[in-house]
file coords24.txt (compact mmCIF, C-alpha atoms)
# COMPACT_ATOMS: atom_id res chain seq x y z
CA MET A 1 55.06 162.82 118.84
CA ASN A 2 56.11 164.41 115.55
CA PHE A 3 57.30 168.00 115.94
CA HIS A 4 57.72 168.59 112.21
CA SER A 5 59.62 171.87 111.79
CA ILE A 6 59.95 172.68 115.51
CA HIS A 7 63.54 172.85 116.80
CA VAL A 8 63.57 170.60 119.86
CA ASP A 9 66.04 169.58 122.57
CA PHE A 10 64.81 167.53 125.53
CA SER A 11 68.22 166.34 126.68
CA GLY A 12 68.66 165.79 130.40
CA ILE A 13 64.97 165.61 131.27
CA ASP A 14 63.74 162.67 133.34
CA PHE A 15 61.77 160.37 131.03
CA PRO A 16 58.50 160.33 133.06
CA VAL A 17 58.57 164.14 133.08
CA LEU A 18 59.32 164.29 129.37
CA SER A 19 56.58 161.80 128.60
CA GLU A 20 53.91 163.87 130.35
CA LEU A 21 55.20 167.14 128.90
CA THR A 22 55.09 165.90 125.32
CA LEU A 23 51.75 164.16 125.78
CA SER A 24 50.24 167.35 127.19
CA LEU A 25 51.60 169.42 124.34
CA GLN A 26 50.29 166.88 121.85
CA THR A 27 46.86 167.15 123.46
CA MET A 28 46.91 170.92 123.06
CA LEU A 29 48.01 170.75 119.43
CA GLU A 30 45.29 168.24 118.63
CA LEU A 31 42.73 170.63 120.09
CA TYR A 32 44.30 173.75 118.56
CA PRO A 33 46.11 172.42 115.46
CA ASP A 34 46.68 175.80 113.83
CA MET A 35 49.01 176.77 116.67
CA GLU A 36 51.68 174.20 115.80
CA ALA A 37 53.09 176.23 112.92
CA SER A 38 53.77 179.15 115.26
CA ILE A 39 56.00 177.13 117.64
CA VAL A 40 59.59 177.36 116.46
CA ALA A 41 61.62 175.91 119.33
CA ILE A 42 61.40 173.95 122.58
CA GLY A 43 64.41 173.44 124.82
CA ASN A 44 66.47 174.58 127.77
CA SER A 45 68.08 178.01 128.06
CA ASP A 46 71.41 177.01 126.47
CA PHE A 47 69.65 175.45 123.49
CA LEU A 48 67.42 178.49 122.95
CA LEU A 49 70.29 180.94 123.31
CA ARG A 50 72.14 179.08 120.57
CA TYR A 51 68.99 178.99 118.46
CA PHE A 52 68.35 182.73 118.81
CA SER A 53 71.99 183.51 118.13
CA ARG A 54 71.67 181.83 114.74
CA MET A 55 68.24 183.28 114.13
CA GLN A 56 69.35 186.82 114.89
CA GLU A 57 71.80 186.74 112.02
CA GLY A 58 69.03 186.44 109.47
CA LYS A 59 66.10 188.32 111.03
CA LYS A 60 67.04 191.99 111.24
CA SER A 61 63.43 193.09 111.73
CA THR A 62 63.17 191.12 114.98
CA TRP A 63 66.61 191.82 116.45
CA ARG A 64 65.37 194.11 119.22
CA LYS A 65 62.72 191.69 120.48
CA ILE A 66 65.03 188.70 120.14
CA LYS A 67 67.68 190.53 122.15
CA GLU A 68 65.13 191.12 124.93
CA ILE A 69 64.24 187.42 124.91
CA GLN A 70 67.91 186.43 125.00
CA GLU A 71 68.50 188.71 127.99
CA SER A 72 65.48 187.27 129.79
CA ILE A 73 66.60 183.70 129.15
CA GLN A 74 70.14 184.53 130.25
CA SER A 75 68.96 186.10 133.51
CA SER A 76 66.78 183.11 134.40
CA ARG A 77 69.20 180.31 133.49
CA THR A 78 69.73 179.27 137.10
CA ASP A 79 66.13 179.75 138.24
CA THR A 80 65.15 176.43 139.81
CA LYS A 81 61.60 177.44 140.71
CA ASN A 82 60.14 178.11 137.26
CA PRO A 83 59.60 174.90 135.25
CA MET A 84 58.72 176.55 131.95
CA THR A 85 58.40 179.94 130.24
CA ILE A 86 57.00 180.80 126.85
CA TYR A 87 58.35 183.67 124.76
CA HIS A 88 56.64 185.43 121.86
CA TRP A 89 57.71 187.71 119.02
CA ARG A 90 56.34 188.82 115.69
CA GLU A 91 57.59 188.02 112.24
CA GLY A 92 55.53 190.25 110.00
CA LYS A 93 51.90 189.62 110.93
CA LYS A 94 52.61 186.22 112.46
CA VAL A 95 53.22 185.61 116.17
CA LYS A 96 55.97 183.08 116.88
CA HIS A 97 56.57 181.20 120.12
CA CYS A 98 59.21 179.15 121.89
CA PHE A 99 59.04 177.13 125.10
CA CYS A 100 61.98 177.57 127.45
CA LEU A 101 62.38 174.57 129.76
CA GLY A 102 63.49 175.64 133.23
CA ALA A 103 66.66 174.43 134.93
CA CYS A 104 64.60 172.38 137.39
CA LEU A 105 63.34 170.13 134.58
CA SER A 106 66.82 168.78 133.97
CA SER A 107 67.66 168.33 137.63
CA CYS A 108 64.65 166.65 139.20
CA THR A 109 62.53 163.54 139.01
CA LYS A 110 58.82 163.63 138.29
CA GLU A 111 58.07 163.29 142.01
CA GLU A 112 60.33 166.24 142.80
CA LEU A 113 58.75 168.31 140.04
CA VAL A 114 55.24 167.55 141.28
CA SER A 115 56.37 168.62 144.76
CA LEU A 116 57.66 171.91 143.30
CA ILE A 117 54.36 172.46 141.48
CA ALA A 118 52.52 171.86 144.76
CA GLN A 119 54.64 174.58 146.38
CA ILE A 120 53.84 176.97 143.53
CA ARG A 121 50.15 176.14 143.83
CA LYS A 122 50.07 177.30 147.44
CA HIS A 123 50.25 180.84 146.08
CA ASN A 124 47.74 180.14 143.32
CA PRO A 125 44.01 180.50 144.07
CA VAL A 126 42.91 178.87 140.81
CA LEU A 127 44.85 175.70 140.05
CA GLU A 128 43.73 172.64 141.96
CA THR A 129 46.09 170.03 140.53
CA ASP A 130 49.77 169.26 141.07
CA THR A 131 50.45 167.76 137.66
CA VAL A 132 53.24 168.23 135.15
CA SER A 133 50.64 168.75 132.43
CA SER A 134 49.31 171.87 134.16
CA ILE A 135 52.62 173.58 133.32
CA VAL A 136 52.13 172.98 129.61
CA TYR A 137 48.47 174.00 129.69
CA HIS A 138 49.35 177.24 131.49
CA GLU A 139 52.04 178.20 128.99
CA PHE A 140 49.89 177.14 126.04
CA ALA A 141 47.22 179.52 127.31
CA HIS A 142 49.80 182.31 127.14
CA MET A 143 50.50 181.28 123.56
CA LEU A 144 46.82 181.53 122.63
CA ASP A 145 46.60 184.84 124.45
CA ALA A 146 49.63 186.29 122.68
CA THR A 147 48.15 185.27 119.35
CA PHE A 148 44.54 186.36 119.86
CA ASP A 149 44.80 188.77 122.85
CA ILE A 150 41.97 186.88 124.54
CA SER A 151 42.62 187.76 128.18
CA ARG A 152 41.67 191.41 127.56
CA ASP A 153 38.21 190.51 126.25
CA SER A 154 35.26 191.73 128.30
CA GLU A 155 33.90 188.18 128.52
CA ILE A 156 37.12 186.92 130.10
CA PHE A 157 37.03 189.90 132.47
CA ARG A 158 33.49 188.92 133.49
CA ILE A 159 34.47 185.29 134.11
CA LEU A 160 37.52 186.26 136.17
CA ARG A 161 35.30 188.53 138.25
CA GLN A 162 33.00 185.57 138.85
CA ILE A 163 35.94 183.54 140.12
CA GLY A 164 36.48 186.26 142.72
CA HIS A 165 39.22 188.51 141.33
CA ASP A 166 38.75 192.25 141.63
CA SER A 167 39.11 194.65 138.71
CA GLU A 168 42.52 195.98 139.72
CA GLU A 169 43.96 192.49 140.08
CA ILE A 170 42.62 191.51 136.66
CA TYR A 171 44.06 194.67 135.12
CA TYR A 172 47.57 193.98 136.40
CA VAL A 173 47.78 190.17 136.30
CA GLY A 174 44.84 189.22 134.10
CA ARG A 175 47.01 187.27 131.68
CA GLU A 176 48.27 185.02 134.48
CA LEU A 177 44.78 184.55 135.90
CA PHE A 178 43.55 183.66 132.43
CA ALA A 179 46.34 181.09 131.96
CA ASP A 180 45.68 179.59 135.39
CA SER A 181 41.98 179.16 134.67
CA PHE A 182 42.71 177.63 131.27
CA ALA A 183 45.16 175.18 132.84
CA GLU A 184 42.73 174.33 135.62
CA TYR A 185 40.12 173.29 133.07
CA TYR A 186 42.39 170.86 131.23
CA ALA A 187 44.37 169.58 134.23
CA SER A 188 41.50 169.02 136.64
CA GLU A 189 39.15 166.06 136.57
CA HIS A 190 36.39 168.33 137.85
CA PRO A 191 37.02 171.85 136.52
CA SER A 192 35.01 174.72 137.90
CA GLN A 193 32.11 176.18 135.96
CA GLU A 194 34.06 179.41 135.56
CA SER A 195 37.07 177.71 133.97
CA THR A 196 34.68 175.73 131.75
CA ASP A 197 33.03 178.97 130.62
CA LEU A 198 36.45 180.52 130.00
CA VAL A 199 37.68 177.67 127.81
CA SER A 200 34.38 177.58 125.93
CA TYR A 201 34.86 181.25 125.09
CA VAL A 202 38.49 180.65 124.08
CA ASN A 203 37.40 177.86 121.76
CA ARG A 204 34.77 180.07 120.14
CA LYS A 205 37.36 182.78 119.53
CA TYR A 206 39.80 180.22 118.14
CA LEU A 207 37.21 178.80 115.74
CA GLU A 208 36.15 182.28 114.68
CA ASN A 209 39.75 183.10 113.84
CA ARG A 210 40.15 179.86 111.86
CA SER A 211 37.06 180.78 109.87
CA LYS A 212 38.41 184.27 109.17
CA GLU A 213 41.76 182.85 108.06
CA LYS A 214 40.03 180.46 105.67
CA GLN A 215 38.02 183.32 104.20
CA ARG A 216 41.21 185.36 103.75
CA GLY A 217 42.79 182.39 102.02
CA LYS A 218 39.85 182.06 99.65
CA ARG A 219 39.99 185.77 98.80
CA LEU A 220 43.74 185.53 98.24
CA ILE A 221 43.30 182.57 95.89
CA LYS A 222 40.73 184.54 93.91
CA THR A 223 43.06 187.52 93.57
CA ILE A 224 45.84 185.40 92.08
CA GLN A 225 43.66 183.47 89.65
CA PRO A 226 44.77 184.01 86.03
CA LYS A 227 42.47 186.33 84.09

call {"tool": "encode", "arguments": {"input": "coords24.txt", "output": "structure tokens"}}
result
Amino acid sequence: MNFHSIHVDFSGIDFPVLSELTLSLQTMLELYPDMEASIVAIGNSDFLLRYFSRMQEGKKSTWRKIKEIQESIQSSRTDTKNPMTIYHWREGKKVKHCFCLGACLSSCTKEELVSLIAQIRKHNPVLETDTVSSIVYHEFAHMLDATFDISRDSEIFRILRQIGHDSEEIYYVGRELFADSFAEYYASEHPSQESTDLVSYVNRKYLENRSKEKQRGKRLIKTIQPK
């Protein structure tokens, strides 16, 4: 897979795990190609801390948010139960993202990782698969949500209610429920109707945004045409 301008470090990850991670991410970027430009880095905590340390020197407007991200990464460096976390920040009007690969990814085989995912799924009423790809799909959903604020839409609220979540639960952990349902659709061979409806809505919102961006681009081109 070509990552173009994305800063990447996959050192130490078991090859079968890495293969499924990158294939899953490639699948997402083929489906949502506009999102690739917003991903700036993928790697473990040490790699990202070094990256943000360099970035902080030249991005004064984002120092506060970057510092928060650095502190979060630092505090979770030894967490062996969280395979992946995505972080977001703004640079002007653009939302940027990085994937932080958990410590467990560099210390376990694919079989061990799948076992860990199965343990996590015991506390998850939505996901029905114990696959490495479900991790990527879940975090990618957070990326879409951070960019378009989809999980707060009334249609998503309605779908999550259909799944069986009450209003208070959706209010407090709606973003996680949204990401779980998104991941369930792409990771499961037989996704539920609710997760299918959710992803269909996400795709409509994504395409609407692409259309708006194209229209903005056309208007911008017109404004800079020579008189």

call {"tool": "closest_residue", "arguments": {"input": "coords24.txt", "among": "A:Val132, A:Ala187, A:Leu105, A:Ala141", "to": "Arg175 (chain A)", "atoms": "all atoms listed in the file"}}
result
A:Ala141

call {"tool": "closest_atom_pairs", "arguments": {"input": "coords24.txt", "of": "region 60-162 of chain A", "to": "region 188-201 of chain A", "cutoff": "12 Å", "atoms": "all atoms listed in the file", "output": "Markdown table"}}
result
| residue | atom | partner | partner_atom | distance |
| --- | --- | --- | --- | --- |
| A:Val126 | CA | A:Ser195 | CA | 9.1 |
| A:Leu127 | CA | A:Ser188 | CA | 8.2 |
| A:Glu128 | CA | A:Ser188 | CA | 6.8 |
| A:Thr129 | CA | A:Ser188 | CA | 6.1 |
| A:Asp130 | CA | A:Ser188 | CA | 9.4 |
| A:Thr131 | CA | A:Ser188 | CA | 9.1 |
| A:Val132 | CA | A:Ser188 | CA | 11.9 |
| A:Ser133 | CA | A:Ser188 | CA | 10.1 |
| A:Ser134 | CA | A:Ser188 | CA | 8.7 |
| A:Tyr137 | CA | A:Ser188 | CA | 11.0 |
| A:Ala141 | CA | A:Val199 | CA | 9.7 |
| A:Leu144 | CA | A:Val199 | CA | 11.2 |
| A:Asp145 | CA | A:Val199 | CA | 11.9 |
| A:Ile150 | CA | A:Tyr201 | CA | 9.1 |
| A:Ser151 | CA | A:Leu198 | CA | 9.7 |
| A:Asp153 | CA | A:Tyr201 | CA | 9.9 |
| A:Ser154 | CA | A:Tyr201 | CA | 11.0 |
| A:Glu155 | CA | A:Tyr201 | CA | 7.8 |
| A:Ile156 | CA | A:Leu198 | CA | 6.4 |
| A:Phe157 | CA | A:Leu198 | CA | 9.7 |
| A:Arg158 | CA | A:Leu198 | CA | 9.6 |
| A:Ile159 | CA | A:Glu194 | CA | 6.1 |
| A:Leu160 | CA | A:Glu194 | CA | 7.7 |
| A:Arg161 | CA | A:Glu194 | CA | 9.6 |
| A:Gln162 | CA | A:Glu194 | CA | 7.1 |

call {"tool": "axis_aligned_box", "arguments": {"input": "coords24.txt", "around": "region 22-30 of chain A", "padding_each_side": "4 Å", "output": "JSON"}}
result
{"center_x": 50.2, "center_y": 167.5, "center_z": 122.9, "size_x": 17.8, "size_y": 14.8, "size_z": 16.6}

call {"tool": "atom_distance", "arguments": {"input": "coords24.txt", "atom1": "CA of Lys93 (chain A)", "atom2": "CA of Gly43 (chain A)"}}
result
24.7 Å

call {"tool": "closest_residue", "arguments": {"input": "coords24.txt", "among": "A:Gln70, A:Ser167, A:Thr62, A:Asn203", "to": "Glu91 (chain A)", "atoms": "all atoms listed in the file"}}
result
A:Thr62

call {"tool": "residues_around", "arguments": {"input": "coords24.txt", "residues": "region 30-37 of chain A", "least_positions_apart": "6", "cutoff": "9 Å", "atoms": "all atoms listed in the file", "output": "number ranges by chain"}}
result
A: 3-6, 96, 143-144, 147, 203, 206, 210

call {"tool": "write_last_selection", "arguments": {"input": "coords24.txt", "atoms": "C-alpha atoms", "output": "short mmCIF file (atom, residue, chain, number, x, y, z; two decimals), keeping the file's coordinate frame"}}
result
data_model
loop_
_atom_site.label_atom_id
_atom_site.label_comp_id
_atom_site.auth_asym_id
_atom_site.auth_seq_id
_atom_site.Cartn_x
_atom_site.Cartn_y
_atom_site.Cartn_z
CA PHE A 3 57.30 168.00 115.94
CA HIS A 4 57.72 168.59 112.21
CA SER A 5 59.62 171.87 111.79
CA ILE A 6 59.95 172.68 115.51
CA LYS A 96 55.97 183.08 116.88
CA MET A 143 50.50 181.28 123.56
CA LEU A 144 46.82 181.53 122.63
CA THR A 147 48.15 185.27 119.35
CA ASN A 203 37.40 177.86 121.76
CA TYR A 206 39.80 180.22 118.14
CA ARG A 210 40.15 179.86 111.86
#

call {"tool": "closest_residue", "arguments": {"input": "coords24.txt", "among": "A:Arg121, A:His7, A:Lys65, A:Lys81", "to": "Phe47 (chain A)", "atoms": "only C-alpha atoms"}}
result
A:His7

call {"tool": "atom_distance", "arguments": {"input": "coords24.txt", "atom1": "CA of His165 (chain A)", "atom2": "CA of Leu177 (chain A)"}}
result
8.7 Å

call {"tool": "closest_residue", "arguments": {"input": "coords24.txt", "among": "A:Arg204, A:Arg90, A:Arg152, A:His142", "to": "Ala179 (chain A)", "atoms": "all atoms listed in the file"}}
result
A:His142

call {"tool": "closest_residue", "arguments": {"input": "coords24.txt", "among": "A:Met28, A:Ile42, A:Ile120, A:Leu23", "to": "Ser11 (chain A)", "atoms": "only C-alpha atoms"}}
result
A:Ile42

call {"tool": "closest_residue", "arguments": {"input": "coords24.txt", "among": "A:Ala183, A:Ile163, A:Ile13, A:Ala146", "to": "Val95 (chain A)", "atoms": "all atoms listed in the file"}}
result
A:Ala146

call {"tool": "atom_distance", "arguments": {"input": "coords24.txt", "atom1": "CA of Ala118 (chain A)", "atom2": "CA of Arg77 (chain A)"}}
result
21.8 Å

call {"tool": "residues_near_point", "arguments": {"input": "coords24.txt", "point": "(57.1, 175.9, 118.4)", "cutoff": "6 Å", "atoms": "only C-alpha atoms", "output": "JSON, numbers by chain"}}
result
{"A": [6, 38, 39, 40, 41, 97, 98]}

call {"tool": "residues_around", "arguments": {"input": "coords24.txt", "residues": "Thr80 (chain A)", "least_positions_apart": "2", "cutoff": "6 Å", "atoms": "only C-alpha atoms", "output": "JSON, numbers by chain"}}
result
{"A": [82, 103, 104]}
